[in-house]
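Dumped coords_20.txt below, it's compact mmCIF, C-alpha atoms:
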```txt
# COMPACT_ATOMS: atom_id res chain seq x y z
CA MET A 1 -21.61 -6.64 23.22
CA SER A 2 -19.07 -3.83 23.75
CA LYS A 3 -18.47 -1.31 20.98
CA THR A 4 -15.27 -1.39 18.94
CA ARG A 5 -12.99 1.39 20.21
CA ILE A 6 -11.34 3.48 17.47
CA LEU A 7 -8.64 6.15 17.53
CA VAL A 8 -8.56 8.77 14.75
CA VAL A 9 -5.18 10.39 14.00
CA GLU A 10 -5.71 13.36 11.67
CA ASP A 11 -4.14 16.85 11.73
CA GLU A 12 -7.06 18.58 9.99
CA SER A 13 -9.39 19.20 12.91
CA ILE A 14 -12.55 19.49 10.80
CA VAL A 15 -11.83 16.17 9.04
CA ALA A 16 -10.96 14.48 12.34
CA LYS A 17 -14.20 15.65 13.95
CA ASP A 18 -16.22 14.57 10.92
CA ILE A 19 -14.74 11.06 11.03
CA GLN A 20 -15.24 10.84 14.79
CA ASN A 21 -18.91 11.88 14.61
CA THR A 22 -19.64 9.59 11.68
CA LEU A 23 -18.05 6.57 13.38
CA ILE A 24 -20.00 7.28 16.58
CA LYS A 25 -23.19 7.50 14.52
CA LEU A 26 -22.33 4.09 13.03
CA GLY A 27 -22.13 2.60 16.52
CA TYR A 28 -18.39 2.68 17.25
CA ASP A 29 -16.69 4.07 20.35
CA VAL A 30 -14.41 7.01 19.41
CA PRO A 31 -13.46 8.66 22.74
CA SER A 32 -10.89 11.07 21.29
CA THR A 33 -8.72 12.04 18.32
CA ALA A 34 -5.01 12.88 17.89
CA SER A 35 -3.35 15.42 15.60
CA SER A 36 0.35 14.48 15.88
CA ALA A 37 2.63 11.51 16.47
CA ALA A 38 3.20 12.52 20.12
CA SER A 39 -0.50 12.77 20.89
CA ALA A 40 -1.18 9.54 18.96
CA TYR A 41 1.30 7.61 21.11
CA GLU A 42 -0.27 9.09 24.24
CA LYS A 43 -3.82 8.20 23.14
CA LEU A 44 -2.77 4.66 22.18
CA GLU A 45 -1.75 4.05 25.78
CA GLN A 46 -4.72 5.88 27.29
CA ILE A 47 -7.67 4.46 25.38
CA GLN A 48 -6.24 1.13 24.11
CA PRO A 49 -8.06 1.24 20.73
CA GLN A 50 -8.99 -1.83 18.71
CA LEU A 51 -8.54 -0.03 15.38
CA VAL A 52 -6.71 3.16 14.27
CA PHE A 53 -7.44 5.61 11.45
CA LEU A 54 -4.17 7.27 10.39
CA ASP A 55 -3.59 10.25 8.13
CA ILE A 56 -0.83 8.92 5.90
CA LYS A 57 0.53 12.45 5.29
CA LEU A 58 0.37 13.60 8.93
CA LYS A 59 2.42 16.79 9.42
CA GLY A 60 5.50 16.71 11.64
CA GLU A 61 8.73 14.74 11.91
CA GLU A 62 6.79 11.47 12.03
CA ASP A 63 4.08 10.90 9.44
CA GLY A 64 1.31 8.30 9.50
CA ILE A 65 3.59 5.58 8.18
CA HIS A 66 6.03 6.05 11.09
CA ILE A 67 3.12 5.74 13.53
CA ALA A 68 1.84 2.65 11.70
CA GLU A 69 5.28 1.03 12.05
CA HIS A 70 5.20 1.78 15.79
CA ILE A 71 1.71 0.27 16.10
CA LYS A 72 2.77 -2.84 14.19
CA GLU A 73 5.77 -3.37 16.47
CA LYS A 74 4.06 -2.68 19.79
CA TYR A 75 0.30 -3.28 19.39
CA ASN A 76 -1.68 -6.04 17.76
CA ILE A 77 -4.35 -3.82 16.17
CA PRO A 78 -5.34 -3.01 12.56
CA VAL A 79 -4.61 0.33 10.88
CA ILE A 80 -6.59 2.12 8.15
CA PHE A 81 -4.83 4.91 6.25
CA LEU A 82 -6.53 8.22 5.44
CA THR A 83 -5.28 9.83 2.23
CA SER A 84 -6.15 12.28 -0.52
CA TYR A 85 -3.20 11.67 -2.86
CA VAL A 86 -0.27 9.30 -2.39
CA ASP A 87 2.81 9.15 -4.58
CA GLN A 88 4.32 5.76 -5.44
CA GLU A 89 7.22 6.11 -2.99
CA THR A 90 4.85 6.82 -0.08
CA LEU A 91 2.58 3.98 -1.16
CA ASP A 92 5.52 1.56 -1.22
CA ARG A 93 6.46 2.64 2.33
CA ALA A 94 2.85 2.23 3.46
CA LYS A 95 2.56 -1.31 2.09
CA VAL A 96 5.34 -2.51 4.39
CA THR A 97 3.21 -1.67 7.45
CA GLU A 98 0.46 -4.01 6.11
CA PRO A 99 -2.55 -1.69 6.61
CA TYR A 100 -6.06 -3.15 6.69
CA GLY A 101 -7.53 -0.53 4.36
CA TYR A 102 -7.41 2.93 2.80
CA ILE A 103 -9.96 5.73 2.93
CA VAL A 104 -9.62 8.34 0.17
CA LYS A 105 -10.66 11.89 1.00
CA PRO A 106 -13.33 13.09 0.51
CA PHE A 107 -15.33 10.11 1.77
CA ASN A 108 -18.87 9.37 2.87
CA GLU A 109 -20.54 7.39 5.64
CA SER A 110 -20.85 4.29 3.48
CA ASP A 111 -17.10 4.33 2.71
CA LEU A 112 -16.27 4.45 6.42
CA LYS A 113 -18.71 1.71 7.38
CA THR A 114 -17.56 -0.68 4.64
CA THR A 115 -13.84 -0.09 5.28
CA VAL A 116 -14.15 -0.55 9.05
CA GLU A 117 -16.19 -3.74 8.73
CA MET A 118 -13.81 -5.24 6.18
CA ALA A 119 -10.75 -4.29 8.27
CA LEU A 120 -12.19 -5.84 11.44
CA PHE A 121 -13.27 -8.98 9.57
CA LYS A 122 -9.88 -9.44 7.87
CA PHE A 123 -8.04 -8.78 11.13
CA SER A 124 -10.18 -11.38 12.90
CA ARG A 125 -9.41 -13.94 10.18
CA ASP A 126 -5.71 -13.13 10.25
CA ARG A 127 -5.67 -13.57 14.02
CA GLU A 128 -7.33 -16.98 13.64
CA VAL A 129 -4.62 -17.98 11.17
CA ARG A 130 -1.85 -16.72 13.48
CA ASP A 131 -3.38 -18.55 16.45
CA SER A 132 -3.71 -21.71 14.38
CA GLU A 133 -0.08 -21.44 13.25
CA GLN A 134 1.03 -20.91 16.84
CA ARG A 135 -0.95 -23.94 18.02
CA LEU A 136 0.64 -25.99 15.23
CA ALA A 137 4.12 -24.76 16.16
CA ASN A 138 3.47 -25.58 19.82
CA ALA A 139 2.15 -29.01 18.90
CA LEU A 140 5.05 -29.85 16.59
CA ALA A 141 7.53 -28.66 19.21
CA LYS A 142 6.36 -31.53 21.43
CA VAL A 143 6.86 -34.18 18.75
CA GLU A 144 9.89 -36.40 19.31
CA GLU A 145 10.84 -36.62 15.63
CA SER A 146 12.45 -33.85 13.58
CA ILE A 147 9.86 -32.00 11.47
CA ILE A 148 10.81 -29.89 8.44
CA ILE A 149 8.18 -27.98 6.43
CA THR A 150 9.08 -26.63 2.98
CA ASP A 151 7.36 -24.49 0.36
CA ILE A 152 6.62 -25.66 -3.18
CA GLU A 153 10.22 -24.96 -4.27
CA GLY A 154 11.78 -26.95 -1.43
CA ARG A 155 12.74 -23.90 0.66
CA ILE A 156 12.47 -24.32 4.42
CA SER A 157 9.52 -22.56 6.03
CA TYR A 158 9.55 -24.25 9.46
CA LEU A 159 11.74 -26.42 11.72
CA ASN A 160 10.55 -27.83 15.00
CA GLU A 161 12.89 -27.84 18.00
CA ARG A 162 14.20 -31.34 17.32
CA ALA A 163 15.00 -30.44 13.70
CA GLU A 164 16.84 -27.31 14.83
CA THR A 165 19.04 -29.47 17.05
CA LEU A 166 19.63 -32.04 14.32
CA LEU A 167 20.51 -29.54 11.59
CA GLY A 168 22.28 -26.99 13.79
CA TYR A 169 20.10 -24.15 12.48
CA GLY A 170 17.47 -22.06 14.23
CA ASN A 171 14.20 -21.23 12.48
CA SER A 172 15.22 -17.64 11.81
CA SER A 173 18.45 -18.64 10.06
CA ALA A 174 16.99 -21.65 8.20
CA ILE A 175 13.81 -20.13 6.77
CA GLY A 176 14.19 -19.51 3.05
CA LEU A 177 17.16 -21.84 2.62
CA ASP A 178 16.98 -24.62 0.09
CA LEU A 179 16.45 -27.94 1.86
CA PHE A 180 19.38 -29.58 0.11
CA GLN A 181 21.74 -26.76 1.04
CA LEU A 182 21.78 -28.25 4.53
CA PHE A 183 21.94 -31.96 3.84
CA SER A 184 21.71 -34.76 1.33
CA ILE A 185 19.77 -38.01 1.76
CA GLU A 186 21.28 -41.39 0.92
CA GLN A 187 19.48 -44.70 0.73
CA GLU A 188 21.16 -48.03 1.32
CA GLY A 189 24.05 -48.52 -1.10
CA GLY A 190 24.82 -44.78 -1.20
CA VAL A 191 22.03 -43.92 -3.67
CA GLN A 192 21.14 -40.25 -3.23
CA ILE A 193 17.57 -38.96 -3.23
CA LYS A 194 17.40 -36.06 -5.65
CA LYS A 195 15.57 -32.88 -4.73
CA ASP A 196 13.54 -32.81 -7.97
CA ALA A 197 12.39 -36.41 -7.50
CA LEU A 198 11.30 -35.66 -3.94
CA LEU A 199 9.38 -32.51 -4.87
CA ASN A 200 7.80 -34.09 -7.95
CA SER A 201 6.43 -36.91 -5.80
CA MET A 202 5.00 -34.37 -3.39
CA ARG A 203 3.31 -32.42 -6.19
CA LYS A 204 1.70 -35.67 -7.36
CA ASP A 205 0.37 -36.25 -3.84
CA GLU A 206 2.65 -39.26 -3.41
CA PRO A 207 4.04 -39.67 0.13
CA ILE A 208 7.53 -41.18 0.41
CA VAL A 209 8.50 -43.58 3.20
CA ILE A 210 12.10 -44.81 3.51
CA GLU A 211 12.70 -46.92 6.59
CA ASP A 212 16.50 -46.96 6.37
CA CYS A 213 18.52 -44.03 5.04
CA HIS A 214 21.23 -41.59 6.06
CA LEU A 215 21.10 -37.82 6.38
CA ILE A 216 24.48 -36.35 5.41
CA LEU A 217 24.81 -32.95 7.11
CA LYS A 218 26.78 -30.59 4.87
CA ARG A 219 28.04 -28.47 7.77
CA ASP A 220 30.45 -31.20 8.93
CA ASN A 221 29.70 -34.23 6.72
CA THR A 222 28.13 -36.06 9.68
CA SER A 223 25.98 -39.06 8.77
CA VAL A 224 22.79 -39.69 10.78
CA ALA A 225 20.88 -42.97 10.43
CA LEU A 226 17.14 -42.42 10.33
CA SER A 227 13.84 -43.20 8.67
CA LEU A 228 12.27 -40.58 6.42
CA THR A 229 8.63 -39.85 5.71
CA ALA A 230 7.83 -37.05 3.26
CA SER A 231 4.26 -35.96 2.62
CA PRO A 232 2.62 -33.20 0.59
CA VAL A 233 1.08 -30.26 2.48
CA HIS A 234 -2.20 -28.81 1.21
CA ASP A 235 -4.42 -25.95 2.23
CA GLU A 236 -8.12 -26.43 2.95
CA LYS A 237 -8.91 -25.99 -0.75
CA ASN A 238 -6.55 -28.89 -1.46
CA GLN A 239 -3.98 -26.64 -3.16
CA TYR A 240 -0.40 -27.91 -2.88
CA LEU A 241 1.65 -25.72 -0.51
CA GLY A 242 4.85 -27.71 -0.05
CA ALA A 243 6.16 -30.75 1.78
CA ALA A 244 6.51 -32.02 5.33
CA LEU A 245 9.50 -34.22 6.19
CA VAL A 246 9.50 -36.34 9.33
CA LEU A 247 12.99 -37.57 10.31
CA ASP A 248 13.03 -40.32 12.92
CA GLU A 249 16.55 -40.95 14.20
CA LYS A 250 17.52 -44.52 14.99
CA GLN A 251 18.12 -44.77 18.72
CA SER A 252 17.63 -48.47 19.37
CA THR A 253 18.24 -51.82 17.70
CA GLY A 254 15.78 -53.06 15.15
CA VAL A 255 14.29 -55.65 17.53
CA GLU A 256 13.95 -53.16 20.40
CA ARG A 257 12.42 -50.57 18.10
CA THR A 258 9.95 -53.06 16.59
CA GLU A 259 8.84 -54.25 20.03
CA ALA A 260 8.52 -50.70 21.36
CA VAL A 261 6.52 -49.56 18.34
CA SER A 262 4.28 -52.61 18.58
CA GLN A 263 3.59 -52.07 22.29
CA MET A 264 3.02 -48.34 21.92
CA ALA A 265 0.78 -48.82 18.89
CA PHE A 266 -1.38 -51.19 20.90
CA LEU A 267 -1.71 -48.77 23.82
CA ASP A 268 -2.00 -45.66 21.64
CA ASN A 269 -4.72 -46.95 19.40
CA GLN A 270 -7.10 -48.78 21.72
CA VAL A 271 -10.36 -47.06 22.59
CA ILE A 272 -11.39 -48.75 25.81
CA GLN A 273 -14.94 -47.87 26.88
CA ASN A 274 -14.91 -44.05 27.17
CA SER A 275 -11.19 -43.30 26.83
CA PHE A 276 -7.92 -44.19 25.16
CA PHE A 277 -4.22 -43.75 25.86
CA VAL A 278 -1.80 -41.50 23.98
CA LYS A 279 1.91 -41.05 24.43
CA LYS A 280 3.12 -37.70 25.76
CA GLY A 281 6.86 -37.55 26.25
CA SER A 282 7.79 -40.68 28.18
CA MET A 283 4.31 -41.09 29.69
CA LEU A 284 1.02 -42.60 28.61
CA VAL A 285 -1.90 -40.26 29.22
CA LYS A 286 -5.54 -41.30 29.31
CA VAL A 287 -7.73 -39.12 27.10
CA TYR A 288 -11.47 -39.22 27.80
CA LEU A 289 -13.75 -39.03 24.79
CA ASP A 290 -15.96 -36.51 26.61
CA ASN A 291 -13.04 -34.06 26.77
CA ILE A 292 -12.19 -34.07 23.04
CA GLN A 293 -12.98 -30.77 21.30
CA TRP A 294 -11.77 -31.71 17.82
CA ILE A 295 -9.20 -33.87 16.01
CA GLN A 296 -7.06 -32.36 13.26
CA ALA A 297 -4.81 -33.96 10.65
CA MET A 298 -1.38 -32.43 10.20
CA ASP A 299 0.64 -34.32 7.58
CA ASN A 300 1.73 -37.63 9.17
CA TYR A 301 0.42 -36.62 12.59
CA VAL A 302 -2.94 -36.18 14.21
CA ILE A 303 -3.57 -33.43 16.77
CA ILE A 304 -6.14 -34.23 19.46
CA GLN A 305 -7.42 -31.07 21.14
CA THR A 306 -9.07 -31.59 24.53
CA ASN A 307 -10.58 -29.16 27.03
CA ALA A 308 -7.24 -28.57 28.73
CA ASP A 309 -4.45 -30.04 26.59
CA GLN A 310 -3.24 -30.96 23.13
CA PHE A 311 -1.78 -34.32 22.06
CA VAL A 312 0.15 -35.16 18.91
CA ILE A 313 0.30 -38.75 17.73
CA HIS A 314 1.84 -40.42 14.70
CA SER A 315 -1.22 -41.75 12.90
CA THR A 316 -3.65 -41.15 10.05
CA MET A 317 -7.13 -39.68 10.17
CA LYS A 318 -8.51 -42.89 8.65
CA ASP A 319 -7.03 -44.96 11.46
CA ILE A 320 -8.36 -42.58 14.11
CA GLU A 321 -11.77 -42.44 12.42
CA ASN A 322 -12.01 -46.24 12.40
CA LYS A 323 -11.28 -46.48 16.12
CA LEU A 324 -13.67 -43.80 17.38
CA PRO A 325 -17.34 -44.59 18.13
CA THR A 326 -19.30 -43.48 15.05
CA HIS A 327 -22.39 -42.46 17.04
CA ARG A 328 -20.32 -39.76 18.79
CA PHE A 329 -17.69 -38.63 16.27
CA LEU A 330 -17.97 -37.60 12.64
CA ARG A 331 -15.43 -36.62 10.00
CA VAL A 332 -16.49 -33.31 8.44
CA HIS A 333 -13.36 -32.48 6.45
CA ARG A 334 -10.27 -34.27 5.18
CA SER A 335 -8.44 -32.60 8.09
CA TYR A 336 -11.06 -32.66 10.88
CA ILE A 337 -13.06 -35.09 13.02
CA ILE A 338 -15.46 -33.59 15.56
CA PRO A 339 -17.62 -34.80 18.45
CA ILE A 340 -21.19 -34.18 17.29
CA GLU A 341 -22.46 -33.09 20.70
CA LYS A 342 -19.86 -30.29 20.92
CA ILE A 343 -21.23 -28.32 17.93
CA ASN A 344 -22.36 -24.87 19.07
CA VAL A 345 -23.26 -23.17 15.79
CA LEU A 346 -23.17 -24.19 12.14
CA ASP A 347 -23.82 -22.77 8.71
CA GLU A 348 -23.52 -24.22 5.23
CA ASN A 349 -19.73 -24.44 5.22
CA THR A 350 -18.49 -24.35 8.83
CA VAL A 351 -19.21 -25.49 12.37
CA LEU A 352 -18.24 -23.72 15.57
CA ILE A 353 -16.92 -25.65 18.57
CA GLY A 354 -16.05 -23.27 21.38
CA ASP A 355 -14.21 -20.47 19.58
CA LYS A 356 -12.82 -22.80 16.90
CA THR A 357 -14.24 -22.47 13.37
CA ILE A 358 -14.00 -25.79 11.51
CA PRO A 359 -14.65 -26.12 7.75
CA ILE A 360 -17.07 -28.65 6.30
CA GLY A 361 -15.60 -30.34 3.24
CA LYS A 362 -17.78 -30.70 0.15
CA SER A 363 -17.39 -34.48 0.04
CA TYR A 364 -18.42 -34.80 3.72
CA LYS A 365 -21.30 -32.32 3.73
CA GLU A 366 -24.11 -34.67 2.71
CA VAL A 367 -23.30 -37.25 5.37
CA PHE A 368 -22.82 -34.52 7.95
CA MET A 369 -26.21 -32.93 7.27
CA ALA A 370 -27.89 -36.33 7.23
CA ARG A 371 -26.48 -37.10 10.65
CA LEU A 372 -27.77 -33.81 12.02
CA ASN A 373 -31.21 -34.41 10.52
CA PHE A 374 -31.20 -37.90 12.02
CA LEU A 375 -30.26 -36.56 15.44
```

Please go through the file and, once you have read it, give me the structure as structure tokens.
Amino acid sequence: MSKTRILVVEDESIVAKDIQNTLIKLGYDVPSTASSAASAYEKLEQIQPQLVFLDIKLKGEEDGIHIAEHIKEKYNIPVIFLTSYVDQETLDRAKVTEPYGYIVKPFNESDLKTTVEMALFKFSRDREVRDSEQRLANALAKVEESIIITDIEGRISYLNERAETLLGYGNSSAIGLDLFQLFSIEQEGGVQIKKDALLNSMRKDEPIVIEDCHLILKRDNTSVALSLTASPVHDEKNQYLGAALVLDEKQSTGVERTEAVSQMAFLDNQVIQNSFFVKKGSMLVKVYLDNIQWIQAMDNYVIIQTNADQFVIHSTMKDIENKLPTHRFLRVHRSYIIPIEKINVLDENTVLIGDKTIPIGKSYKEVFMARLNFL
């Protein structure tokens, strides 16, 4: 395994050399140090570090915080600040750069080792979260319905591409806006759905399904006929995070839509021998069971991750679980089903499939371990 490469930016040469030697002794690769912003920028390009130690009070026109801002904008690497004393104003500036740790001078070998290990661990976890969020965004972008995710107060935190088109807002301009600033929802007979009623149902873990309603867009008072499904969003500890709204615009007559849904449901949900069909755009794609890496629940959708692709279908984990062969697939969490033969590594609370870490839920752990013992 290659050593983690670290750049030390410190204008006190004795301190810089001490840090460099100590990090090398601890097993890290520290090819050089920098004593100014100019030399730091040069070394960043030359050695391509995986972590940077920065003197927060670096002398010169650009201090450590300026360099940290540059690193955050241009490089995807963690920063640890070196400091002896920091006033509140400097500390407030430093927080904005989101450093992965602080080392207070004078320090010892143990301080360095612990801070580096924690920074690398936290950065790795953060990257997993970012990658997961990006995969979710990519998956939801392919969904034909409009998807709106809100926080616990009903403020928009995500719109997929279809929702952006429907609402006339991009993600950047919509994030943080109250959901009902953009539209109101009317049921048959003109009865409006109130924001508080919607959010209260979500907090009680009560999904809402309204087959026939109208979205009244406040930008131009346009009325859009659609069906609405609103579900609570939880984290992996089952804490309520907000709501997910799925808006399915009516584009065909009731009879046509019923027939289409019936036909697609039949084709989507049949496991025939070693494969099944899923809808992708206007096509039906055969997915082989051997190629499935994991299956993940995402509100009213299920994401099927294969060796080379990702499919999003409108279903529930229970429905998927019932249709998969039980000798090959096992549910290990309220949000995950995995193929047993694809497990690479496991511990008490997680399994590893490829480079994907999947949690094991408490209520599924006993059955999971029993299956492994049986195998």

Closest of A:Ile19, A:Arg155, A:Val9, A:Leu58 to Ala40 (chain A) - atom-to-atom distances counting all atoms listed in the file: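 Of A:Ile19, A:Arg155, A:Val9, A:Leu58, the one nearest Ala40 (chain A), counting all atoms listed in the file, is A:Val9.
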
Contact residues around region 169-181 of chain A with all atoms listed in the file at 8 Å, ignoring same-chain residues under 3 positions, as a list in words: Thr150, Gly154, Arg155, Ile156, Ser157, Tyr158, Leu159, Asn160, Glu164, Thr165, Ser184, Lys195 and Lys218 of chain A

Interatomic distance (Å, one decimal) between CA of Ile360 (chain A) and CA of Ile295 (chain A):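 We find that CA of Ile360 (chain A) and CA of Ile295 (chain A) lie 13.5 Å from each other.
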
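Nearest to Glu249 (chain A) of all the residues A:Glu109, A:Glu145, A:Glu321, A:Glu366 is A:Glu145, counting all atoms listed in the file.
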
Coordinates-based distance that separates CA of Phe276 (chain A) from CA of Tyr288 (chain A) (Å, one decimal):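 That distance, rounded to one decimal, is 6.7 Å.
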
Pairwise distance for CA of Leu247 (chain A) and CA of Ser227 (chain A), rounded to one decimal in Å: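 CA of Ser227 (chain A) lies 5.9 Å from CA of Leu247 (chain A).
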
Spatial neighbours of Lys342 (chain A), max dist 9 Å, all atoms listed in the file, sep filter under 6 positions, as a list of chain:residue names: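 Once the adjacent positions are removed, what remains is A:Ile292, A:Gln293, A:Trp294, A:Leu352, A:Ile353, A:Gly354.
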
Selection near Lys122 (chain A), 8 Å with all atoms listed in the file, sequence-local residues under 4 positions removed, as a PyMOL selection string: chain A and resi 100+118+126

Shell around region 90-97 of chain A at 12 Å using all atoms listed in the file, local window under 3 positions removed, as a ChimeraX atom specification: /A:54-57,63-73,77-83,85-87,100-102

For C-alpha atoms, I'd like the residues from the last selection saved as an mmCIF file, in the coordinates of the input.
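Dumped everything to again.cif:
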```cif
data_model
loop_
_atom_site.group_PDB
_atom_site.id
_atom_site.type_symbol
_atom_site.label_atom_id
_atom_site.label_comp_id
_atom_site.auth_asym_id
_atom_site.auth_seq_id
_atom_site.Cartn_x
_atom_site.Cartn_y
_atom_site.Cartn_z
ATOM 1 C CA LEU A 54 -4.170 7.270 10.390
ATOM 2 C CA ASP A 55 -3.590 10.250 8.130
ATOM 3 C CA ILE A 56 -0.830 8.920 5.900
ATOM 4 C CA LYS A 57 0.530 12.450 5.290
ATOM 5 C CA ASP A 63 4.080 10.900 9.440
ATOM 6 C CA GLY A 64 1.310 8.300 9.500
ATOM 7 C CA ILE A 65 3.590 5.580 8.180
ATOM 8 C CA HIS A 66 6.030 6.050 11.090
ATOM 9 C CA ILE A 67 3.120 5.740 13.530
ATOM 10 C CA ALA A 68 1.840 2.650 11.700
ATOM 11 C CA GLU A 69 5.280 1.030 12.050
ATOM 12 C CA HIS A 70 5.200 1.780 15.790
ATOM 13 C CA ILE A 71 1.710 0.270 16.100
ATOM 14 C CA LYS A 72 2.770 -2.840 14.190
ATOM 15 C CA GLU A 73 5.770 -3.370 16.470
ATOM 16 C CA ILE A 77 -4.350 -3.820 16.170
ATOM 17 C CA PRO A 78 -5.340 -3.010 12.560
ATOM 18 C CA VAL A 79 -4.610 0.330 10.880
ATOM 19 C CA ILE A 80 -6.590 2.120 8.150
ATOM 20 C CA PHE A 81 -4.830 4.910 6.250
ATOM 21 C CA LEU A 82 -6.530 8.220 5.440
ATOM 22 C CA THR A 83 -5.280 9.830 2.230
ATOM 23 C CA TYR A 85 -3.200 11.670 -2.860
ATOM 24 C CA VAL A 86 -0.270 9.300 -2.390
ATOM 25 C CA ASP A 87 2.810 9.150 -4.580
ATOM 26 C CA TYR A 100 -6.060 -3.150 6.690
ATOM 27 C CA GLY A 101 -7.530 -0.530 4.360
ATOM 28 C CA TYR A 102 -7.410 2.930 2.800
#
```
